[in-house]
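Worksheet: one structure, shown below.
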Amino acid sequence: DFYLILDGAAVVRRGGRKLAGLGPGDYFGELALLDGGTRSATVEAAAPSRLLVITGRQFAAVLEEVPALASKLLLTMAARLRDADAKAVH
């Protein structure tokens, strides 16, 4: 599923290590939906939160109907990849 944080806060962890903090407007779950792979991290609520949840089938339909959303996702994923790459080099 794809998750959009409407209110609240969450923490992204991998191997027990904090990778990022998330808040309203942030989202997660898109990578596994796009490539069918397993989740790459764990996301935990850090405060009481309200989320919008979109199933895989709904997610695919939304991307087809709203090309601007697909473009935004690609830009965000590219930024995350560059950030991860920069951290791996250092």
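In the structure tokens, the first chain shown is A, the next is B, and so on; residue numbers restart at 1 for each chain, and ligands run from 1 in the order shown.
Within 7 Å of region 47-62 of chain A there are Asp1, Phe2, Tyr3, Leu4, Ile5, Leu6, Asp7, Gly8, Ala9, Ala10 and Leu33 of chain A, counting only C-alpha atoms and ignoring same-chain residues fewer than 6 positions away.
Using only C-alpha atoms for every distance, the candidate list A:Gly16, A:Arg80, A:Val89, A:Leu63 yields A:Arg80 as the residue closest to Phe28 (chain A).
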Backbone-only DSSP, strand (DSSP E or B) members of region 39-68 of chain A, as a CSV table (one decimal) with N, CA and C atoms, in the first residue's frame:
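Just written: selection-v8.csv:
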chain,number,residue,atom,x,y,z
A,42,THR,N,11.5,0.2,7.4
A,42,THR,CA,10.3,0.1,8.3
A,42,THR,C,9.9,1.6,8.7
A,43,VAL,N,8.6,1.8,8.7
A,43,VAL,CA,8.2,3.2,9.1
A,43,VAL,C,7.3,3.0,10.3
A,44,GLU,N,7.6,3.7,11.3
A,44,GLU,CA,6.9,3.7,12.6
A,44,GLU,C,6.3,5.0,13.0
A,45,ALA,N,5.1,5.0,13.5
A,45,ALA,CA,4.5,6.3,14.0
A,45,ALA,C,5.4,6.8,15.1
A,50,ARG,N,-2.7,10.5,11.3
A,50,ARG,CA,-3.8,10.1,10.4
A,50,ARG,C,-3.1,10.0,9.0
A,51,LEU,N,-3.4,8.8,8.4
A,51,LEU,CA,-2.8,8.5,7.1
A,51,LEU,C,-3.9,8.3,6.0
A,52,LEU,N,-3.6,8.6,4.8
A,52,LEU,CA,-4.4,8.2,3.7
A,52,LEU,C,-3.7,7.0,3.1
A,53,VAL,N,-4.5,5.9,3.0
A,53,VAL,CA,-3.9,4.6,2.5
A,53,VAL,C,-4.5,4.3,1.1
A,54,ILE,N,-3.6,4.0,0.1
A,54,ILE,CA,-4.1,3.7,-1.2
A,54,ILE,C,-3.5,2.3,-1.5
Near Met77 (chain A), counting only C-alpha atoms, which residues have an atom at most 12 Å away, once you skip same-chain residues fewer than 2 positions from it, shown as an MDAnalysis selection string?
chainID A and resid 27:31 34 70:75 79:84
Output the selection as a PDB file, in the first residue's frame - N, CA, C and O atoms for each residue.
ATOM      1  N   TYR A  27       5.205  10.801   2.256  1.00  0.00           N
ATOM      2  CA  TYR A  27       4.582   9.526   1.909  1.00  0.00           C
ATOM      3  C   TYR A  27       5.621   8.426   1.879  1.00  0.00           C
ATOM      4  O   TYR A  27       6.821   8.679   1.836  1.00  0.00           O
ATOM      5  N   PHE A  28       5.123   7.188   1.896  1.00  0.00           N
ATOM      6  CA  PHE A  28       6.000   6.023   1.828  1.00  0.00           C
ATOM      7  C   PHE A  28       5.215   4.840   1.288  1.00  0.00           C
ATOM      8  O   PHE A  28       3.997   4.874   1.197  1.00  0.00           O
ATOM      9  N   GLY A  29       5.956   3.810   0.882  1.00  0.00           N
ATOM     10  CA  GLY A  29       5.339   2.609   0.336  1.00  0.00           C
ATOM     11  C   GLY A  29       5.338   2.540  -1.179  1.00  0.00           C
ATOM     12  O   GLY A  29       5.030   1.516  -1.763  1.00  0.00           O
ATOM     13  N   GLU A  30       5.731   3.634  -1.841  1.00  0.00           N
ATOM     14  CA  GLU A  30       5.638   3.682  -3.300  1.00  0.00           C
ATOM     15  C   GLU A  30       6.651   2.781  -3.998  1.00  0.00           C
ATOM     16  O   GLU A  30       6.353   2.212  -5.048  1.00  0.00           O
ATOM     17  N   LEU A  31       7.825   2.624  -3.427  1.00  0.00           N
ATOM     18  CA  LEU A  31       8.863   1.835  -4.096  1.00  0.00           C
ATOM     19  C   LEU A  31       8.427   0.386  -4.282  1.00  0.00           C
ATOM     20  O   LEU A  31       8.528  -0.162  -5.386  1.00  0.00           O
ATOM     21  N   LEU A  34       5.855   0.150  -6.989  1.00  0.00           N
ATOM     22  CA  LEU A  34       6.343   0.385  -8.346  1.00  0.00           C
ATOM     23  C   LEU A  34       7.121  -0.799  -8.910  1.00  0.00           C
ATOM     24  O   LEU A  34       6.988  -1.122 -10.086  1.00  0.00           O
ATOM     25  N   ALA A  70       2.852  11.051 -11.042  1.00  0.00           N
ATOM     26  CA  ALA A  70       3.934  10.147 -11.438  1.00  0.00           C
ATOM     27  C   ALA A  70       5.238  10.925 -11.579  1.00  0.00           C
ATOM     28  O   ALA A  70       6.301  10.468 -11.130  1.00  0.00           O
ATOM     29  N   SER A  71       5.191  12.105 -12.166  1.00  0.00           N
ATOM     30  CA  SER A  71       6.386  12.941 -12.304  1.00  0.00           C
ATOM     31  C   SER A  71       6.938  13.348 -10.945  1.00  0.00           C
ATOM     32  O   SER A  71       8.150  13.314 -10.719  1.00  0.00           O
ATOM     33  N   LYS A  72       6.058  13.727 -10.035  1.00  0.00           N
ATOM     34  CA  LYS A  72       6.493  14.110  -8.678  1.00  0.00           C
ATOM     35  C   LYS A  72       7.146  12.937  -7.974  1.00  0.00           C
ATOM     36  O   LYS A  72       8.185  13.086  -7.322  1.00  0.00           O
ATOM     37  N   LEU A  73       6.568  11.757  -8.106  1.00  0.00           N
ATOM     38  CA  LEU A  73       7.159  10.567  -7.492  1.00  0.00           C
ATOM     39  C   LEU A  73       8.553  10.292  -8.053  1.00  0.00           C
ATOM     40  O   LEU A  73       9.477   9.967  -7.302  1.00  0.00           O
ATOM     41  N   LEU A  74       8.699  10.413  -9.361  1.00  0.00           N
ATOM     42  CA  LEU A  74      10.008  10.185  -9.977  1.00  0.00           C
ATOM     43  C   LEU A  74      11.047  11.189  -9.471  1.00  0.00           C
ATOM     44  O   LEU A  74      12.186  10.815  -9.183  1.00  0.00           O
ATOM     45  N   LEU A  75      10.675  12.444  -9.361  1.00  0.00           N
ATOM     46  CA  LEU A  75      11.606  13.455  -8.862  1.00  0.00           C
ATOM     47  C   LEU A  75      12.007  13.171  -7.419  1.00  0.00           C
ATOM     48  O   LEU A  75      13.184  13.277  -7.049  1.00  0.00           O
ATOM     49  N   ALA A  79      15.769  12.134  -6.010  1.00  0.00           N
ATOM     50  CA  ALA A  79      16.426  12.865  -4.921  1.00  0.00           C
ATOM     51  C   ALA A  79      16.848  11.916  -3.806  1.00  0.00           C
ATOM     52  O   ALA A  79      17.950  12.026  -3.258  1.00  0.00           O
ATOM     53  N   ARG A  80      15.980  10.968  -3.470  1.00  0.00           N
ATOM     54  CA  ARG A  80      16.328   9.985  -2.431  1.00  0.00           C
ATOM     55  C   ARG A  80      17.505   9.125  -2.863  1.00  0.00           C
ATOM     56  O   ARG A  80      18.382   8.827  -2.060  1.00  0.00           O
ATOM     57  N   LEU A  81      17.533   8.734  -4.127  1.00  0.00           N
ATOM     58  CA  LEU A  81      18.638   7.924  -4.637  1.00  0.00           C
ATOM     59  C   LEU A  81      19.948   8.700  -4.588  1.00  0.00           C
ATOM     60  O   LEU A  81      20.985   8.183  -4.166  1.00  0.00           O
ATOM     61  N   ARG A  82      19.923   9.950  -5.014  1.00  0.00           N
ATOM     62  CA  ARG A  82      21.133  10.773  -4.965  1.00  0.00           C
ATOM     63  C   ARG A  82      21.609  10.959  -3.527  1.00  0.00           C
ATOM     64  O   ARG A  82      22.814  10.913  -3.243  1.00  0.00           O
ATOM     65  N   ASP A  83      20.676  11.165  -2.604  1.00  0.00           N
ATOM     66  CA  ASP A  83      21.025  11.332  -1.196  1.00  0.00           C
ATOM     67  C   ASP A  83      21.663  10.048  -0.648  1.00  0.00           C
ATOM     68  O   ASP A  83      22.688  10.099   0.025  1.00  0.00           O
ATOM     69  N   ALA A  84      21.062   8.914  -0.950  1.00  0.00           N
ATOM     70  CA  ALA A  84      21.611   7.628  -0.484  1.00  0.00           C
ATOM     71  C   ALA A  84      22.977   7.383  -1.087  1.00  0.00           C
ATOM     72  O   ALA A  84      23.895   6.887  -0.405  1.00  0.00           O
TER      73      ALA A  84
END
Please give the complete set of residues from region 10-76 of chain A that DSSP, run on the backbone, assigns to alpha helix (DSSP H), formatted as a list in words.
Glu30, Leu31, Ala32, Leu33, Leu34, Asp35, Gly56, Arg57, Gln58, Phe59, Ala60, Ala61, Val62, Leu63, Glu64, Glu65, Pro67, Ala68, Leu69, Ala70, Ser71, Lys72, Leu73, Leu74, Leu75 and Thr76 of chain A
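CA of Ala41 (chain A) lies 17.1 Å from CA of Ala78 (chain A).
Here CA of Asp85 (chain A) and CA of Ala68 (chain A) stand 25.7 Å from one another.
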